[in-house]
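Student: Data: model-v6.txt, compact mmCIF, C-alpha atoms.
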```txt
# COMPACT_ATOMS: atom_id res chain seq x y z
CA MET E 288 -43.85 -111.87 98.91
CA SER E 289 -44.30 -115.40 100.20
CA LYS E 290 -42.21 -116.84 103.01
CA VAL E 291 -39.85 -119.77 102.58
CA VAL E 292 -39.46 -121.50 105.94
CA LEU E 293 -36.51 -123.87 106.26
CA VAL E 294 -36.86 -126.37 109.13
CA THR E 295 -33.59 -128.02 110.21
CA GLY E 296 -34.01 -131.30 112.06
CA GLY E 297 -37.24 -131.49 110.11
CA THR E 298 -37.48 -135.28 110.19
CA GLY E 299 -37.42 -135.51 114.00
CA LEU E 300 -40.17 -135.43 116.60
CA ILE E 301 -40.92 -131.68 116.51
CA GLY E 302 -40.22 -131.28 112.79
CA LYS E 303 -42.72 -134.02 111.91
CA ALA E 304 -45.31 -132.45 114.21
CA ILE E 305 -44.86 -129.03 112.56
CA GLU E 306 -45.16 -130.69 109.14
CA THR E 307 -48.43 -132.36 110.23
CA VAL E 308 -49.92 -129.04 111.44
CA ILE E 309 -48.76 -127.12 108.32
CA LYS E 310 -50.25 -129.77 106.02
CA GLU E 311 -53.60 -129.34 107.77
CA GLU E 312 -53.36 -125.52 107.65
CA ASN E 313 -52.07 -125.35 104.07
CA PRO E 314 -51.01 -121.66 104.31
CA ALA E 315 -51.14 -119.86 100.94
CA ASP E 316 -48.24 -117.45 101.59
CA GLU E 317 -45.71 -119.89 103.09
CA ARG E 318 -43.58 -122.63 101.57
CA TRP E 319 -42.18 -124.97 104.20
CA VAL E 320 -39.04 -127.04 103.54
CA PHE E 321 -38.16 -129.80 106.00
CA VAL E 322 -34.57 -131.04 105.97
CA GLY E 323 -32.92 -133.84 107.94
CA SER E 324 -29.41 -135.14 108.56
CA LYS E 325 -29.44 -136.93 105.18
CA ASP E 326 -29.81 -133.56 103.38
CA ALA E 327 -26.72 -131.87 104.83
CA ASP E 328 -24.10 -132.28 107.54
CA LEU E 329 -24.80 -129.12 109.53
CA THR E 330 -21.49 -129.37 111.39
CA ASP E 331 -19.86 -128.62 108.01
CA LEU E 332 -20.08 -124.95 107.00
CA ALA E 333 -19.72 -125.56 103.24
CA ALA E 334 -22.47 -128.21 103.21
CA THR E 335 -24.74 -125.97 105.28
CA ARG E 336 -24.09 -123.01 102.96
CA GLU E 337 -24.98 -125.16 99.94
CA MET E 338 -28.30 -126.06 101.57
CA PHE E 339 -29.11 -122.42 102.39
CA VAL E 340 -28.24 -121.27 98.85
CA LYS E 341 -30.39 -124.05 97.39
CA HIS E 342 -33.53 -123.25 99.42
CA GLN E 343 -33.09 -119.45 99.88
CA PRO E 344 -35.07 -119.33 103.14
CA THR E 345 -36.66 -116.12 104.41
CA HIS E 346 -37.32 -117.78 107.79
CA VAL E 347 -35.62 -120.63 109.67
CA VAL E 348 -36.91 -122.96 112.37
CA HIS E 349 -33.74 -124.49 113.81
CA LEU E 350 -34.42 -127.83 115.50
CA ALA E 351 -31.34 -129.82 114.45
CA ALA E 352 -29.16 -130.94 117.32
CA MET E 353 -27.25 -133.90 118.64
CA VAL E 354 -29.60 -135.09 121.38
CA GLY E 355 -29.99 -137.98 123.80
CA GLY E 356 -31.47 -139.11 127.09
CA LEU E 357 -29.87 -139.04 130.55
CA PHE E 358 -27.58 -142.06 130.17
CA HIS E 359 -26.36 -141.17 126.67
CA ASN E 360 -25.51 -137.60 127.73
CA MET E 361 -23.51 -138.65 130.77
CA SER E 362 -20.90 -140.45 128.68
CA ASN E 363 -20.57 -138.09 125.68
CA ASN E 364 -20.38 -134.51 127.00
CA LEU E 365 -17.54 -133.45 124.69
CA ASP E 366 -19.30 -134.69 121.53
CA PHE E 367 -22.55 -133.04 122.58
CA PHE E 368 -20.77 -129.74 123.17
CA ARG E 369 -18.64 -129.62 120.00
CA LYS E 370 -21.24 -130.87 117.51
CA ASN E 371 -24.01 -128.61 118.79
CA MET E 372 -21.68 -125.58 118.88
CA LEU E 373 -20.73 -126.20 115.22
CA ILE E 374 -24.33 -126.73 114.07
CA ASN E 375 -25.66 -123.63 115.83
CA ASP E 376 -22.81 -121.37 114.72
CA ASN E 377 -23.21 -122.47 111.08
CA ILE E 378 -27.00 -122.03 111.04
CA LEU E 379 -26.93 -118.54 112.55
CA LEU E 380 -23.95 -117.35 110.51
CA LEU E 381 -25.64 -118.37 107.24
CA SER E 382 -29.00 -116.98 108.35
CA HIS E 383 -27.21 -113.67 108.86
CA GLU E 384 -25.28 -113.87 105.57
CA LEU E 385 -28.40 -114.73 103.55
CA LYS E 386 -30.44 -112.03 105.35
CA VAL E 387 -32.99 -114.44 106.83
CA LYS E 388 -35.74 -112.33 108.42
CA LYS E 389 -36.27 -114.53 111.45
CA VAL E 390 -34.77 -117.61 113.08
CA VAL E 391 -36.49 -119.55 115.84
CA SER E 392 -34.09 -121.98 117.53
CA CYS E 393 -34.98 -124.71 119.98
CA LEU E 394 -33.46 -124.78 123.48
CA SER E 395 -34.45 -127.16 126.30
CA THR E 396 -35.45 -126.92 129.96
CA CYS E 397 -32.52 -129.22 130.87
CA ILE E 398 -30.09 -126.35 130.13
CA PHE E 399 -31.22 -124.34 133.18
CA PRO E 400 -29.02 -124.07 136.29
CA ASP E 401 -28.95 -127.22 138.42
CA LYS E 402 -29.23 -125.21 141.65
CA THR E 403 -32.17 -122.88 141.14
CA SER E 404 -35.49 -121.82 142.56
CA TYR E 405 -38.71 -123.10 140.98
CA PRO E 406 -40.56 -122.46 138.82
CA ILE E 407 -37.78 -121.56 136.38
CA ASP E 408 -38.42 -118.73 133.94
CA GLU E 409 -36.72 -117.23 130.87
CA THR E 410 -34.50 -114.86 132.90
CA MET E 411 -32.68 -117.70 134.72
CA ILE E 412 -30.99 -119.55 131.84
CA HIS E 413 -27.46 -118.28 132.61
CA ASN E 414 -27.74 -118.05 136.40
CA GLY E 415 -25.41 -120.94 137.26
CA PRO E 416 -23.93 -124.19 135.96
CA PRO E 417 -26.31 -126.77 134.45
CA HIS E 418 -26.80 -130.28 135.82
CA ASP E 419 -23.51 -132.18 135.65
CA SER E 420 -24.96 -135.08 133.65
CA ASN E 421 -25.43 -133.04 130.46
CA PHE E 422 -23.19 -129.98 130.82
CA GLY E 423 -21.85 -130.31 127.24
CA TYR E 424 -25.26 -130.18 125.59
CA SER E 425 -26.54 -127.50 127.99
CA HIS E 426 -23.68 -125.04 127.49
CA ALA E 427 -23.88 -125.44 123.69
CA LYS E 428 -27.62 -124.74 123.79
CA ARG E 429 -27.15 -121.71 126.07
CA MET E 430 -24.75 -120.26 123.50
CA ILE E 431 -27.65 -120.00 121.01
CA ASP E 432 -29.13 -117.36 123.30
CA VAL E 433 -25.77 -115.59 123.48
CA LEU E 434 -25.45 -115.63 119.67
CA ASN E 435 -29.03 -114.41 119.22
CA ARG E 436 -28.42 -111.40 121.46
CA ALA E 437 -25.06 -110.63 119.82
CA TYR E 438 -26.42 -110.82 116.24
CA ASN E 439 -29.30 -108.59 117.31
CA GLN E 440 -27.04 -106.08 119.07
CA GLN E 441 -24.49 -105.92 116.26
CA TYR E 442 -26.74 -106.27 113.19
CA GLY E 443 -30.36 -106.03 114.34
CA ASP E 444 -31.07 -109.64 113.29
CA MET E 445 -34.31 -111.16 114.62
CA PHE E 446 -32.93 -114.45 115.92
CA THR E 447 -34.87 -115.85 118.87
CA SER E 448 -35.30 -119.09 120.78
CA VAL E 449 -37.95 -121.18 122.47
CA VAL E 450 -37.56 -123.46 125.49
CA PRO E 451 -39.93 -126.46 125.40
CA CYS E 452 -40.49 -128.73 128.37
CA ASN E 453 -40.28 -132.52 127.72
CA VAL E 454 -41.77 -133.25 124.30
CA PHE E 455 -43.34 -136.54 123.23
CA GLY E 456 -45.52 -137.81 120.40
CA PRO E 457 -45.50 -139.60 117.03
CA HIS E 458 -42.12 -139.92 115.21
CA ASP E 459 -40.16 -139.77 118.47
CA ASN E 460 -36.86 -141.59 118.92
CA PHE E 461 -37.68 -144.90 120.63
CA VAL E 462 -34.12 -146.32 120.54
CA PRO E 463 -33.23 -147.89 123.92
CA GLY E 464 -30.44 -146.07 125.75
CA VAL E 465 -30.76 -142.97 123.57
CA SER E 466 -34.45 -142.16 123.94
CA HIS E 467 -36.10 -139.91 126.51
CA VAL E 468 -38.36 -141.18 129.27
CA ILE E 469 -41.75 -141.56 127.48
CA PRO E 470 -40.54 -143.13 124.19
CA GLY E 471 -38.11 -145.29 126.18
CA MET E 472 -40.93 -146.64 128.31
CA ILE E 473 -43.29 -147.08 125.33
CA HIS E 474 -40.66 -149.17 123.57
CA ARG E 475 -39.91 -151.31 126.64
CA LEU E 476 -43.57 -151.97 127.47
CA HIS E 477 -44.34 -152.85 123.84
CA GLU E 478 -41.43 -155.35 123.81
CA LEU E 479 -42.54 -156.85 127.13
CA MET E 480 -46.14 -157.27 125.94
CA PHE E 481 -45.71 -158.37 122.33
CA VAL E 482 -42.11 -159.46 121.66
CA LYS E 483 -40.66 -161.17 124.76
CA ASP E 484 -41.95 -164.48 126.17
CA THR E 485 -45.10 -164.41 124.05
CA ASP E 486 -46.16 -167.78 125.47
CA GLN E 487 -46.44 -166.26 128.96
CA PRO E 488 -49.80 -164.83 130.11
CA GLN E 489 -49.69 -161.05 130.35
CA GLU E 490 -50.96 -161.13 133.95
CA ASN E 491 -47.64 -162.74 134.99
CA LYS E 492 -45.47 -160.06 133.40
CA VAL E 493 -43.80 -157.25 135.37
CA PHE E 494 -43.06 -153.86 133.86
CA SER E 495 -40.10 -152.24 135.58
CA VAL E 496 -39.93 -148.43 135.76
CA TYR E 497 -36.45 -146.92 136.20
CA GLY E 498 -36.05 -145.10 139.53
CA THR E 499 -38.47 -144.36 142.33
CA GLY E 500 -41.28 -142.94 140.17
CA LYS E 501 -41.26 -139.77 142.29
CA PRO E 502 -39.60 -137.19 139.99
CA LEU E 503 -41.99 -134.64 138.49
CA ARG E 504 -42.02 -133.51 134.85
CA GLN E 505 -44.02 -131.29 132.53
CA PHE E 506 -44.71 -133.04 129.24
CA ILE E 507 -45.92 -131.29 126.10
CA TYR E 508 -47.53 -133.18 123.21
CA SER E 509 -45.56 -132.60 120.00
CA LEU E 510 -48.62 -131.39 118.05
CA ASP E 511 -49.36 -128.74 120.71
CA LEU E 512 -45.71 -127.64 120.63
CA ALA E 513 -45.83 -127.48 116.82
CA LYS E 514 -48.75 -125.01 116.94
CA LEU E 515 -46.84 -122.85 119.44
CA PHE E 516 -43.66 -122.93 117.30
CA ILE E 517 -45.64 -121.71 114.30
CA TRP E 518 -47.18 -118.93 116.42
CA VAL E 519 -43.68 -117.86 117.59
CA LEU E 520 -42.44 -117.76 113.99
CA ARG E 521 -45.34 -115.60 112.85
CA GLU E 522 -46.12 -113.43 115.87
CA TYR E 523 -43.40 -113.35 118.56
CA ASP E 524 -40.88 -110.61 117.81
CA SER E 525 -38.27 -110.53 120.56
CA VAL E 526 -34.79 -112.03 120.89
CA GLU E 527 -35.64 -112.95 124.49
CA PRO E 528 -36.30 -116.69 124.83
CA ILE E 529 -39.85 -117.87 125.52
CA ILE E 530 -40.71 -121.05 127.44
CA LEU E 531 -43.23 -123.29 125.63
CA SER E 532 -44.59 -125.49 128.35
CA VAL E 533 -47.81 -126.84 129.74
CA ASP E 534 -49.12 -125.15 132.88
CA GLU E 535 -47.44 -125.90 136.21
CA SER E 536 -50.60 -127.65 137.36
CA ALA E 537 -50.14 -130.22 134.55
CA GLU E 538 -46.92 -131.61 136.05
CA VAL E 539 -46.95 -135.43 136.38
CA SER E 540 -44.78 -137.84 138.36
CA ILE E 541 -42.96 -140.66 136.58
CA ALA E 542 -45.29 -143.03 138.47
CA GLN E 543 -48.37 -141.25 137.03
CA LEU E 544 -46.75 -141.43 133.61
CA ALA E 545 -46.28 -145.19 134.02
CA GLU E 546 -49.97 -145.56 135.03
CA SER E 547 -51.07 -143.55 131.97
CA LEU E 548 -48.86 -145.69 129.75
CA THR E 549 -50.12 -149.03 131.08
CA LYS E 550 -53.69 -147.73 130.58
CA ALA E 551 -52.94 -146.69 126.98
CA PHE E 552 -51.54 -150.18 126.29
CA ALA E 553 -54.26 -151.92 128.37
CA PHE E 554 -51.42 -153.79 130.11
CA LYS E 555 -52.72 -156.39 132.57
CA GLY E 556 -49.46 -157.18 134.33
CA LYS E 557 -47.73 -155.58 137.33
CA LEU E 558 -45.83 -152.30 137.68
CA GLU E 559 -42.68 -152.10 139.80
CA PHE E 560 -40.04 -149.45 140.42
CA ASP E 561 -36.35 -150.28 140.05
CA THR E 562 -34.81 -148.05 142.72
CA THR E 563 -31.27 -149.10 141.76
CA LYS E 564 -31.61 -146.88 138.67
CA ALA E 565 -30.91 -143.12 138.74
CA ASP E 566 -33.81 -140.66 139.02
CA GLY E 567 -32.13 -137.62 137.46
CA GLN E 568 -33.32 -134.23 138.73
CA PHE E 569 -36.33 -134.39 141.06
CA LYS E 570 -38.13 -131.61 139.24
CA LYS E 571 -37.52 -128.84 136.74
CA THR E 572 -40.84 -127.02 136.85
CA ALA E 573 -40.98 -124.25 134.25
CA SER E 574 -43.26 -121.22 134.32
CA ASN E 575 -45.25 -120.54 131.15
CA ALA E 576 -46.45 -117.14 132.45
CA LYS E 577 -44.86 -115.32 129.50
CA LEU E 578 -46.57 -117.63 126.99
CA ARG E 579 -49.88 -117.30 128.84
CA LYS E 580 -49.60 -113.51 128.68
CA HIS E 581 -49.58 -113.80 124.87
CA LEU E 582 -51.92 -116.80 124.52
CA PRO E 583 -54.18 -116.99 127.60
CA ASN E 584 -56.69 -119.33 125.92
CA PHE E 585 -54.38 -121.92 124.34
CA LYS E 586 -55.72 -125.42 125.05
CA PHE E 587 -53.21 -128.19 125.61
CA THR E 588 -54.11 -131.80 124.74
CA ASP E 589 -54.95 -133.84 127.85
CA PHE E 590 -51.93 -135.95 128.90
CA ASP E 591 -53.75 -139.31 128.82
CA VAL E 592 -55.25 -138.53 125.40
CA ALA E 593 -51.83 -137.53 124.01
CA MET E 594 -50.27 -140.66 125.52
CA LYS E 595 -52.94 -142.87 123.93
CA GLN E 596 -52.42 -141.22 120.51
CA THR E 597 -48.64 -141.68 120.78
CA VAL E 598 -48.99 -145.36 121.74
CA GLN E 599 -51.44 -145.89 118.86
CA TRP E 600 -49.00 -144.26 116.43
CA TYR E 601 -46.11 -146.41 117.71
CA THR E 602 -48.11 -149.63 117.48
CA ALA E 603 -49.35 -148.78 113.96
CA ASN E 604 -45.90 -147.70 112.76
CA TYR E 605 -43.82 -150.19 114.74
CA GLU E 606 -41.83 -151.39 111.72
CA GLN E 607 -40.75 -147.88 110.62
CA ALA E 608 -40.35 -146.30 114.08
CA ARG E 609 -36.84 -145.41 115.29
CA LYS E 610 -36.26 -148.07 117.90
```
In structure tokens, write the structure found in this file.

Tutor:
Amino acid sequence: MSKVVLVTGGTGLIGKAIETVIKEENPADERWVFVGSKDADLTDLAATREMFVKHQPTHVVHLAAMVGGLFHNMSNNLDFFRKNMLINDNILLLSHELKVKKVVSCLSTCIFPDKTSYPIDETMIHNGPPHDSNFGYSHAKRMIDVLNRAYNQQYGDMFTSVVPCNVFGPHDNFVPGVSHVIPGMIHRLHELMFVKDTDQPQENKVFSVYGTGKPLRQFIYSLDLAKLFIWVLREYDSVEPIILSVDESAEVSIAQLAESLTKAFAFKGKLEFDTTKADGQFKKTASNAKLRKHLPNFKFTDFDVAMKQTVQWYTANYEQARK
């Protein structure tokens, strides 16, 4: 019997990347259905049930969430908590009711305890309170893991979760104030170069990076993450979360990121760091040892190459991009 895979949040960054990979693969025994917020309000149980009944999924990749960058999270913790709790509860309840064989939900490295040792691994998710800036989102995401374990313990359901590091790539959200660090910077540099003061020579322009440039991050290219998601859906059979991250050695500082970005754009102006802006956490290094045990030979796209491809996509799709 062929699989029907329902992807919630299917129009977002990761959903689009999975769609790209699946189109290339063209699997004979799988039908993939990508749904976005226009298809159903997932905070509403009746609307979510209608969607499940319509598509009759055998498998679910659950990406839908209310998300945002550092500054957006800080001011909306209650909304982030309540909406994500509703969405996740509805998706897992209906997956259970409709006897979905497997659900893979998406967590995030920002849900880990604020005070922790590094590198973080899958066993540490509940070891202490998350960073204060996004506690609403983090606690709601942690509850997916709690629900997964409870559904498995009570009913034997195979509901699992993955924990990606920072994702970037085509179809990201480039909206200022809502976006994450890479799309936010891509948008700002593009505006500086091509939209603002176009009569000014580029050499005279200054690109300002928020913060000191010192914080370290692991970034995963969305197309790499998509391949790993598909592998988890087909091959990984445990309710225990699995971190999907680049190797620890691939960590880059925000300053290195800015250099890579200015190279991708061939920006001829100056870089400066606005130290009046918040840095967020200094680092949140994640261990991908568990992933590497399963997939020792997986090759991640080089950071500069992925950055160049993302910038090219944004420039080519500037009119349609979320910005």

Student: Name all residues at most 8 Å from range 360-374 of chain E (count all atoms listed in the file; drop same-chain ones fewer than 2 positions away) and give them as a PDB file with C-alpha atoms, keeping the file's coordinate frame.

Tutor:
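part.pdb written:
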```pdb
ATOM      1  CA  LEU E 329     -24.800-129.120 109.530  1.00  0.00           C
ATOM      2  CA  THR E 330     -21.490-129.370 111.390  1.00  0.00           C
ATOM      3  CA  ASP E 331     -19.860-128.620 108.010  1.00  0.00           C
ATOM      4  CA  ALA E 351     -31.340-129.820 114.450  1.00  0.00           C
ATOM      5  CA  ALA E 352     -29.160-130.940 117.320  1.00  0.00           C
ATOM      6  CA  MET E 353     -27.250-133.900 118.640  1.00  0.00           C
ATOM      7  CA  VAL E 354     -29.600-135.090 121.380  1.00  0.00           C
ATOM      8  CA  GLY E 355     -29.990-137.980 123.800  1.00  0.00           C
ATOM      9  CA  GLY E 356     -31.470-139.110 127.090  1.00  0.00           C
ATOM     10  CA  LEU E 357     -29.870-139.040 130.550  1.00  0.00           C
ATOM     11  CA  PHE E 358     -27.580-142.060 130.170  1.00  0.00           C
ATOM     12  CA  ASP E 376     -22.810-121.370 114.720  1.00  0.00           C
ATOM     13  CA  ASN E 377     -23.210-122.470 111.080  1.00  0.00           C
ATOM     14  CA  ILE E 378     -27.000-122.030 111.040  1.00  0.00           C
ATOM     15  CA  SER E 420     -24.960-135.080 133.650  1.00  0.00           C
ATOM     16  CA  ASN E 421     -25.430-133.040 130.460  1.00  0.00           C
ATOM     17  CA  PHE E 422     -23.190-129.980 130.820  1.00  0.00           C
ATOM     18  CA  GLY E 423     -21.850-130.310 127.240  1.00  0.00           C
ATOM     19  CA  TYR E 424     -25.260-130.180 125.590  1.00  0.00           C
ATOM     20  CA  SER E 425     -26.540-127.500 127.990  1.00  0.00           C
ATOM     21  CA  HIS E 426     -23.680-125.040 127.490  1.00  0.00           C
ATOM     22  CA  ALA E 427     -23.880-125.440 123.690  1.00  0.00           C
ATOM     23  CA  LYS E 428     -27.620-124.740 123.790  1.00  0.00           C
ATOM     24  CA  MET E 430     -24.750-120.260 123.500  1.00  0.00           C
TER      25      MET E 430
END
```

Student: Give me, please, the distance in Å between CA of Glu311 in chain E and CA of Ala593 in chain E, quoted to one decimal.

Tutor: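 Result for CA of Glu311 in chain E versus CA of Ala593 in chain E: 18.3 Å, one decimal.
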
Student: For each of E:Met472, E:Asp484, E:Val454, E:Lys492, take the minimum atom-to-atom distance to Phe590 in chain E, counting only C-alpha atoms, then give the residue where this is smallest.

Tutor: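 Using only C-alpha atoms, the shortest distance to Phe590 in chain E belongs to E:Val454.
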
Student: Fewer than 5 positions away in the same chain doesn't count, so skip those; otherwise give me all residues within 7 Å of range 495-505 of chain E, counting only C-alpha atoms, as a list in words.

Tutor: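 With the cut-off at 7 Å, the set is Cys452, Asn453, Val533, Ala537, Glu538, Val539, Ser540, Ile541, Ala542, Leu558, Glu559, Phe560, Asp561, Thr562, Thr563, Lys564, Ala565, Asp566, Phe569, Lys570, Lys571 and Thr572 of chain E.
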
Student: Quote the spacing between CA of Ile305 in chain E and CA of Ala513 in chain E in Å to one decimal place.

Tutor: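 Distance reported for this atom pair: 4.6 Å.
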
Student: Just to confirm, what's the straight-line distance from CA of Tyr523 in chain E to CA of Phe446 in chain E in Å (one decimal)?

Tutor: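 Computed distance, CA of Tyr523 in chain E to CA of Phe446 in chain E, equals 10.9 Å.
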
Student: Leaving out range 393-404 of chain E and any residue of its chain fewer than 3 positions from it, which residues lie within 7 Å of it when counting only C-alpha atoms, given as a list in words?

Tutor: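 Once the nearby chain positions are removed, what remains is His349, Leu350, Ile407, Met411, Ile412, Asn414, Gly415, Pro416, Pro417, His418, Ser425, Lys428, Arg429, Ser448, Val449, Val450, Pro451 and Cys452 of chain E.
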
Student: Find the residue from E:Arg336, E:His342, E:Lys550, E:His413 that sits nearest to Leu379 in chain E; use only C-alpha atoms when measuring.

Tutor: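 When distances to Leu379 in chain E are compared using only C-alpha atoms, the smallest one comes from E:Arg336.
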
Student: When distances are computed from all atoms listed in the file, which of E:Phe455, E:Phe481, E:Phe554, E:Phe587 shows the smallest separation from Val493 in chain E?

Tutor: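 Ranking E:Phe455, E:Phe481, E:Phe554, E:Phe587 by distance to Val493 in chain E, first place goes to E:Phe554.
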
Student: E:Val347, E:Leu512, E:Ile529, E:Ala327: which is nearest Met445 in chain E, counting only C-alpha atoms?

Tutor: E:Val347

Student: Near Lys557 in chain E, within 12 Å and counting all atoms listed in the file, which residues show up once chain neighbours fewer than 4 positions away are dropped, as a list in words?

Tutor: Leu476, Leu479, Met480, Pro488, Gln489, Glu490, Asn491, Lys492, Val493, Phe494, Ser495, Val496, Ala545, Glu546, Thr549, Lys550 and Ala553 of chain E

Student: Could you give me, as a list in words, the residues within 10 Å of Leu510 in chain E, counting all atoms listed in the file and dropping anything in the same chain fewer than 4 positions from it?

Tutor: Leu300, Ile301, Gly302, Lys303, Ala304, Ile305, Glu306, Thr307, Val308, Val454, Phe455, Gly456, Pro457, Lys514, Leu515, Phe516, Phe587, Thr588 and Ala593 of chain E

Student: Once you have the residues from the selection above, write them out as a CSV table (one decimal), in the coordinates of the input, restricted to C-alpha atoms.

Tutor:
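As written to disk, again.csv reads:
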```csv
chain,number,residue,atom,x,y,z
E,300,LEU,CA,-40.2,-135.4,116.6
E,301,ILE,CA,-40.9,-131.7,116.5
E,302,GLY,CA,-40.2,-131.3,112.8
E,303,LYS,CA,-42.7,-134.0,111.9
E,304,ALA,CA,-45.3,-132.4,114.2
E,305,ILE,CA,-44.9,-129.0,112.6
E,306,GLU,CA,-45.2,-130.7,109.1
E,307,THR,CA,-48.4,-132.4,110.2
E,308,VAL,CA,-49.9,-129.0,111.4
E,454,VAL,CA,-41.8,-133.2,124.3
E,455,PHE,CA,-43.3,-136.5,123.2
E,456,GLY,CA,-45.5,-137.8,120.4
E,457,PRO,CA,-45.5,-139.6,117.0
E,514,LYS,CA,-48.8,-125.0,116.9
E,515,LEU,CA,-46.8,-122.8,119.4
E,516,PHE,CA,-43.7,-122.9,117.3
E,587,PHE,CA,-53.2,-128.2,125.6
E,588,THR,CA,-54.1,-131.8,124.7
E,593,ALA,CA,-51.8,-137.5,124.0
```

Student: Generate the coordinates of all heavy atoms for range 397-403 of chain E; report them as a PDB file, in the frame of the given file.

Tutor:
```
ATOM      1  N   CYS E 397     -33.627-128.574 130.136  1.00  0.00           N
ATOM      2  CA  CYS E 397     -32.520-129.220 130.870  1.00  0.00           C
ATOM      3  C   CYS E 397     -31.257-128.353 130.874  1.00  0.00           C
ATOM      4  O   CYS E 397     -30.279-128.689 131.511  1.00  0.00           O
ATOM      5  CB  CYS E 397     -32.224-130.595 130.305  1.00  0.00           C
ATOM      6  SG  CYS E 397     -31.451-130.553 128.692  1.00  0.00           S
ATOM      7  N   ILE E 398     -31.286-127.208 130.173  1.00  0.00           N
ATOM      8  CA  ILE E 398     -30.090-126.350 130.130  1.00  0.00           C
ATOM      9  C   ILE E 398     -30.068-125.352 131.294  1.00  0.00           C
ATOM     10  O   ILE E 398     -29.095-124.641 131.499  1.00  0.00           O
ATOM     11  CB  ILE E 398     -30.007-125.560 128.797  1.00  0.00           C
ATOM     12  CG1 ILE E 398     -31.035-124.426 128.743  1.00  0.00           C
ATOM     13  CG2 ILE E 398     -30.139-126.506 127.625  1.00  0.00           C
ATOM     14  CD1 ILE E 398     -30.903-123.522 127.532  1.00  0.00           C
ATOM     15  N   PHE E 399     -31.140-125.298 132.071  1.00  0.00           N
ATOM     16  CA  PHE E 399     -31.220-124.340 133.180  1.00  0.00           C
ATOM     17  C   PHE E 399     -30.245-124.715 134.299  1.00  0.00           C
ATOM     18  O   PHE E 399     -29.792-125.860 134.365  1.00  0.00           O
ATOM     19  CB  PHE E 399     -32.652-124.286 133.720  1.00  0.00           C
ATOM     20  CG  PHE E 399     -33.553-123.400 132.915  1.00  0.00           C
ATOM     21  CD1 PHE E 399     -34.243-123.891 131.820  1.00  0.00           C
ATOM     22  CD2 PHE E 399     -33.703-122.052 133.240  1.00  0.00           C
ATOM     23  CE1 PHE E 399     -35.057-123.065 131.057  1.00  0.00           C
ATOM     24  CE2 PHE E 399     -34.514-121.224 132.483  1.00  0.00           C
ATOM     25  CZ  PHE E 399     -35.201-121.730 131.396  1.00  0.00           C
ATOM     26  N   PRO E 400     -29.929-123.755 135.182  1.00  0.00           N
ATOM     27  CA  PRO E 400     -29.020-124.070 136.290  1.00  0.00           C
ATOM     28  C   PRO E 400     -29.532-125.253 137.115  1.00  0.00           C
ATOM     29  O   PRO E 400     -30.741-125.404 137.305  1.00  0.00           O
ATOM     30  CB  PRO E 400     -29.031-122.792 137.139  1.00  0.00           C
ATOM     31  CG  PRO E 400     -29.440-121.709 136.207  1.00  0.00           C
ATOM     32  CD  PRO E 400     -30.355-122.344 135.211  1.00  0.00           C
ATOM     33  N   ASP E 401     -28.583-126.069 137.589  1.00  0.00           N
ATOM     34  CA  ASP E 401     -28.950-127.220 138.420  1.00  0.00           C
ATOM     35  C   ASP E 401     -29.493-126.736 139.766  1.00  0.00           C
ATOM     36  O   ASP E 401     -30.508-127.207 140.242  1.00  0.00           O
ATOM     37  CB  ASP E 401     -27.695-128.078 138.611  1.00  0.00           C
ATOM     38  CG  ASP E 401     -27.988-129.318 139.435  1.00  0.00           C
ATOM     39  OD1 ASP E 401     -29.130-129.811 139.360  1.00  0.00           O
ATOM     40  OD2 ASP E 401     -27.073-129.788 140.141  1.00  0.00           O
ATOM     41  N   LYS E 402     -28.784-125.776 140.369  1.00  0.00           N
ATOM     42  CA  LYS E 402     -29.230-125.210 141.650  1.00  0.00           C
ATOM     43  C   LYS E 402     -30.033-123.951 141.334  1.00  0.00           C
ATOM     44  O   LYS E 402     -29.466-122.945 140.931  1.00  0.00           O
ATOM     45  CB  LYS E 402     -28.032-124.848 142.528  1.00  0.00           C
ATOM     46  CG  LYS E 402     -27.009-125.977 142.692  1.00  0.00           C
ATOM     47  CD  LYS E 402     -27.197-126.707 144.010  1.00  0.00           C
ATOM     48  CE  LYS E 402     -26.156-127.804 144.202  1.00  0.00           C
ATOM     49  NZ  LYS E 402     -26.266-128.921 143.256  1.00  0.00           N
ATOM     50  N   THR E 403     -31.334-124.027 141.494  1.00  0.00           N
ATOM     51  CA  THR E 403     -32.170-122.880 141.140  1.00  0.00           C
ATOM     52  C   THR E 403     -33.454-122.916 141.953  1.00  0.00           C
ATOM     53  O   THR E 403     -33.764-123.930 142.585  1.00  0.00           O
ATOM     54  CB  THR E 403     -32.487-122.891 139.627  1.00  0.00           C
ATOM     55  OG1 THR E 403     -33.201-121.719 139.279  1.00  0.00           O
ATOM     56  CG2 THR E 403     -33.326-124.101 139.231  1.00  0.00           C
TER      57      THR E 403
END
```
